[in-house]
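Engineer: Would you mind keeping the following structure in view while I ask a few things?
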Amino acid sequence: MSARILTKRELIPGMTSQMVLHAPHIAHKARPGNFIILRVHAQGERIPLTIADADPASGTITIVFLVVGKTTARLNLLHEGDVIPDVCGPLGKPTHIERKGDVVCVGGGTGVAAMFHIAKGHYLAGNRVTAVIGARTKALLLFHAELSRFCAEVSVATNDGSMGVKGLVTDALAERLSRGPEVAEVVAVGPVPMMQAVAEVTRPLGIKTTVSLNTIMVDGIGMCGACRCTVDGEMRFACVDGPEFDAHKVDFAELRNRLEQFHGQERAELERFKKQFEVAGG
Ligand SMILES: Cc1cc2nc3c(=O)[nH]c(=O)nc-3n(C[C@H](O)[C@H](O)[C@H](O)COP(=O)(O)OP(=O)(O)OC[C@H]3O[C@@H](n4cnc5c(N)ncnc54)[C@H](O)[C@@H]3O)c2cc1C
Ligand code: FES
């Protein structure tokens with residue numbers, strides 16, 4: 001189905017944008033952890049994006065995306081009022097949310113926005129939520145104010161020390177865990193190396209840890225095999241069995257290899273797109 005862009009906000013100009021889409025059929029069913037697959041034009045590639053928030057009353061969903069390649073660059077050229085011709089969802093298994101006490105939600109880069117819906121879901125279920133968020137520098141930090149509205153605590157880490165702890169999100173996470181109280185679950189969304197590092201912080205402490213795997217996806221319905229990953233020694237499809245899995249059982253080395261497989265092709269496509277755009281006078 002198509003979806004109209006109601007609002008577009010460049011959170012980090014030229015790099016990260018937030019769009020609110022009118023998609024009532026998705027907004028009514030969307031749960032934290034779900035994602036959509038969209039196409040920017042009829043022949044375009046299908047890309048997965050997390051539903052960062054959903055409002056059934058207004059029939060809207062929010063997406064936040066980092067401009068990394070051809071399709072996200074094309075998406076970022078659209079304006080308020082434009083229509084995205086193909087938006088499919090909600091897809092994936094929703095986050096398992098129940099009342100369990102203290103939950104720490106870790107987000108890195110654009111993953112902070114993807115983590116927002118999950119953190120909000122845990123808060124609405126009655127959990128005490130701590131957000132641990134990180135970015136290279138303060139100007140690149142997303143959703144600090146939004147998370148502060150319902151999180152008991154928002155811990156920040158920046159690589160350059162311009163805000164919060166100087167270092168990585170795992171440094172802020174370790175600091176939070178060392179202070180207690182006991183944490184029932186850690187949830188992490190962000191780049192694969194970050195999620196892997198979070199798993200290694202919580203493993204020796206025996207804290208249940210969930211990660212949302214951003215594998216390559218094509219159909220999003222378990223038919224193409226593009227999103228396969230190994231969890232607990234078994235092949236799983238991130239689109240239908242996930243995207244969330246037990247962080248301590250994910251084969252991260254394999255996941256990193258698979259993500260790197262298409263780098264050459266992706267770079268060539270982006271260069272071709274940039275040239276076309278220049279020729280068209282964009
Ligand atoms: C379930 C799921 C949810 C996602 N949610 C979001 C989201 O909310 N916001 C967001 O910005 N991105 C999200 N992603 C990643 C997003 O799908 C990719 O950034 C997008 O497909 C890139 O398309 P492209 O054509 O612009 O770039 P491409 O040309 O396909 O790729 C350019 C570069 O982007 C990186 N990349 C490509 N695909 C992925 C991927 N799946 N994960 C991580 N890096 C990738 C690689 O480094 C690659 O070299 C999600 C991925 C999955 C699987
Ligand atoms: S995206 Fe095709 S099987 Fe998961």
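Following the order of the structure tokens, chains are lettered A, B, ..., residues in each are numbered from 1, and ligands are numbered from 1.
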Mind listing the residues within 6 Å of ligand 1, only C-alpha atoms and all ligand atoms counted, as a PyMOL selection string?
Structural biologist: chain A and resi 35+47-50+64-66+68-73+110+114+214-217+243+263+266
Engineer: As an MDAnalysis selection string, please: every protein or nucleic acid residue near ligand 2 (cut-off 12 Å, counting only C-alpha atoms and all ligand atoms).
Structural biologist: chainID A and resid 35:37 46:48 91:92 213:229 235:243
Engineer: Can you write just those residues out, C-alpha atoms, as a PDB file, in the first residue's frame?
Structural biologist:
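Produced file selection-v2.pdb, reproduced below:
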```
ATOM      1  CA  PHE A  35       9.488  -2.950  10.930  1.00  0.00           C
ATOM      2  CA  ILE A  36       8.243  -2.005   7.476  1.00  0.00           C
ATOM      3  CA  ILE A  37       9.661  -2.680   4.013  1.00  0.00           C
ATOM      4  CA  ARG A  46      12.952  -2.930  -1.044  1.00  0.00           C
ATOM      5  CA  ILE A  47      14.507  -1.679   2.214  1.00  0.00           C
ATOM      6  CA  PRO A  48      13.568  -2.492   5.805  1.00  0.00           C
ATOM      7  CA  LEU A  91       6.673  -7.098   9.730  1.00  0.00           C
ATOM      8  CA  GLY A  92       8.727  -9.185  12.149  1.00  0.00           C
ATOM      9  CA  LEU A 213      19.507  -7.811  13.913  1.00  0.00           C
ATOM     10  CA  ASN A 214      19.786  -5.542  10.867  1.00  0.00           C
ATOM     11  CA  THR A 215      20.553  -8.220   8.295  1.00  0.00           C
ATOM     12  CA  ILE A 216      20.199  -7.726   4.542  1.00  0.00           C
ATOM     13  CA  MET A 217      16.503  -8.274   3.707  1.00  0.00           C
ATOM     14  CA  VAL A 218      14.634  -8.589   0.429  1.00  0.00           C
ATOM     15  CA  ASP A 219      11.105  -9.994   0.743  1.00  0.00           C
ATOM     16  CA  GLY A 220      10.693  -9.751   4.533  1.00  0.00           C
ATOM     17  CA  ILE A 221       8.396 -12.775   4.629  1.00  0.00           C
ATOM     18  CA  GLY A 222      10.780 -15.711   4.961  1.00  0.00           C
ATOM     19  CA  MET A 223      10.919 -16.758   1.286  1.00  0.00           C
ATOM     20  CA  CYS A 224      14.163 -15.337  -0.159  1.00  0.00           C
ATOM     21  CA  GLY A 225      16.698 -16.394   2.495  1.00  0.00           C
ATOM     22  CA  ALA A 226      18.613 -13.092   2.329  1.00  0.00           C
ATOM     23  CA  CYS A 227      18.282 -12.436   6.062  1.00  0.00           C
ATOM     24  CA  ARG A 228      19.505 -15.809   7.298  1.00  0.00           C
ATOM     25  CA  CYS A 229      21.661 -15.772  10.394  1.00  0.00           C
ATOM     26  CA  MET A 235      19.787 -21.123  10.889  1.00  0.00           C
ATOM     27  CA  ARG A 236      17.119 -18.483  11.491  1.00  0.00           C
ATOM     28  CA  PHE A 237      15.483 -15.876   9.256  1.00  0.00           C
ATOM     29  CA  ALA A 238      15.661 -12.430  10.878  1.00  0.00           C
ATOM     30  CA  CYS A 239      12.514 -11.221   9.071  1.00  0.00           C
ATOM     31  CA  VAL A 240      10.123 -13.853  10.431  1.00  0.00           C
ATOM     32  CA  ASP A 241      11.954 -15.465  13.387  1.00  0.00           C
ATOM     33  CA  GLY A 242      13.259 -12.040  14.539  1.00  0.00           C
ATOM     34  CA  PRO A 243      14.529  -9.403  14.099  1.00  0.00           C
TER      35      PRO A 243
END
```
Engineer: Pull the strand (DSSP E) assignments for region 69-255 of chain A out of DSSP run on the backbone, and list those residues as an MDAnalysis selection string.
Structural biologist: chainID A and resid 83:84 86:91 102:108 128:135 153:158 165:166 185:189 209:212 228:231 234:237 244:246
Engineer: Keeping only C-alpha atoms, write the selected residues as a PDB file, in the first residue's frame.
Structural biologist:
```pdb
ATOM      1  CA  VAL A  83       3.605   9.571  -1.578  1.00  0.00           C
ATOM      2  CA  ILE A  84       5.772   6.493  -1.005  1.00  0.00           C
ATOM      3  CA  ASP A  86       4.858   0.769  -1.554  1.00  0.00           C
ATOM      4  CA  VAL A  87       4.958   0.438   2.240  1.00  0.00           C
ATOM      5  CA  CYS A  88       4.479  -3.058   3.628  1.00  0.00           C
ATOM      6  CA  GLY A  89       4.072  -3.933   7.307  1.00  0.00           C
ATOM      7  CA  PRO A  90       4.075  -4.335  10.178  1.00  0.00           C
ATOM      8  CA  LEU A  91       6.673  -7.098   9.730  1.00  0.00           C
ATOM      9  CA  ASP A 102      14.397  -2.672  35.582  1.00  0.00           C
ATOM     10  CA  VAL A 103      15.095  -2.709  31.847  1.00  0.00           C
ATOM     11  CA  VAL A 104      18.073  -1.006  30.180  1.00  0.00           C
ATOM     12  CA  CYS A 105      17.623  -0.018  26.511  1.00  0.00           C
ATOM     13  CA  VAL A 106      20.854   0.682  24.639  1.00  0.00           C
ATOM     14  CA  GLY A 107      20.914   2.548  21.337  1.00  0.00           C
ATOM     15  CA  GLY A 108      23.774   3.626  19.101  1.00  0.00           C
ATOM     16  CA  ARG A 128      11.568   1.195  35.068  1.00  0.00           C
ATOM     17  CA  VAL A 129      13.489   2.049  31.915  1.00  0.00           C
ATOM     18  CA  THR A 130      17.040   3.361  31.681  1.00  0.00           C
ATOM     19  CA  ALA A 131      18.117   4.511  28.222  1.00  0.00           C
ATOM     20  CA  VAL A 132      21.818   4.319  27.383  1.00  0.00           C
ATOM     21  CA  ILE A 133      22.506   6.177  24.168  1.00  0.00           C
ATOM     22  CA  GLY A 134      25.631   7.008  22.269  1.00  0.00           C
ATOM     23  CA  ALA A 135      26.966   8.933  19.289  1.00  0.00           C
ATOM     24  CA  GLU A 153      17.388   7.803  33.539  1.00  0.00           C
ATOM     25  CA  VAL A 154      19.086   8.646  30.230  1.00  0.00           C
ATOM     26  CA  SER A 155      22.822   7.868  30.228  1.00  0.00           C
ATOM     27  CA  VAL A 156      24.829   9.344  27.385  1.00  0.00           C
ATOM     28  CA  ALA A 157      28.209   8.409  25.920  1.00  0.00           C
ATOM     29  CA  THR A 158      29.969  10.421  23.206  1.00  0.00           C
ATOM     30  CA  VAL A 165      30.595   9.764  29.528  1.00  0.00           C
ATOM     31  CA  LYS A 166      33.577  10.109  27.148  1.00  0.00           C
ATOM     32  CA  GLU A 185      16.930  -7.304  30.724  1.00  0.00           C
ATOM     33  CA  VAL A 186      19.187  -5.297  28.433  1.00  0.00           C
ATOM     34  CA  VAL A 187      17.933  -4.494  24.918  1.00  0.00           C
ATOM     35  CA  ALA A 188      20.366  -3.172  22.298  1.00  0.00           C
ATOM     36  CA  VAL A 189      19.732  -1.706  18.846  1.00  0.00           C
ATOM     37  CA  THR A 209      20.174  -9.460  26.523  1.00  0.00           C
ATOM     38  CA  THR A 210      18.159  -8.945  23.356  1.00  0.00           C
ATOM     39  CA  VAL A 211      19.462  -7.479  20.083  1.00  0.00           C
ATOM     40  CA  SER A 212      17.613  -6.442  16.919  1.00  0.00           C
ATOM     41  CA  ARG A 228      19.505 -15.809   7.298  1.00  0.00           C
ATOM     42  CA  CYS A 229      21.661 -15.772  10.394  1.00  0.00           C
ATOM     43  CA  THR A 230      22.860 -18.327  12.918  1.00  0.00           C
ATOM     44  CA  VAL A 231      21.441 -18.235  16.435  1.00  0.00           C
ATOM     45  CA  GLU A 234      20.646 -22.974  14.088  1.00  0.00           C
ATOM     46  CA  MET A 235      19.787 -21.123  10.889  1.00  0.00           C
ATOM     47  CA  ARG A 236      17.119 -18.483  11.491  1.00  0.00           C
ATOM     48  CA  PHE A 237      15.483 -15.876   9.256  1.00  0.00           C
ATOM     49  CA  GLU A 244      15.128  -9.752  17.863  1.00  0.00           C
ATOM     50  CA  PHE A 245      17.243 -12.587  19.225  1.00  0.00           C
ATOM     51  CA  ASP A 246      19.140 -13.591  22.367  1.00  0.00           C
TER      52      ASP A 246
END
```
Engineer: Tell me, in Å to one decimal, how far CA of Pro181 (chain A) is from CA of Leu124 (chain A).
Structural biologist: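 These atoms are spaced 20.0 Å apart.
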Engineer: Counting only C-alpha atoms, figure out which residue out of A:Gly180, A:Gly81, A:Gly190, A:Pro24 gets nearest to Thr7 (chain A).
Structural biologist: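 Once distances to Thr7 (chain A) are computed over only C-alpha atoms, the minimum belongs to A:Gly81.
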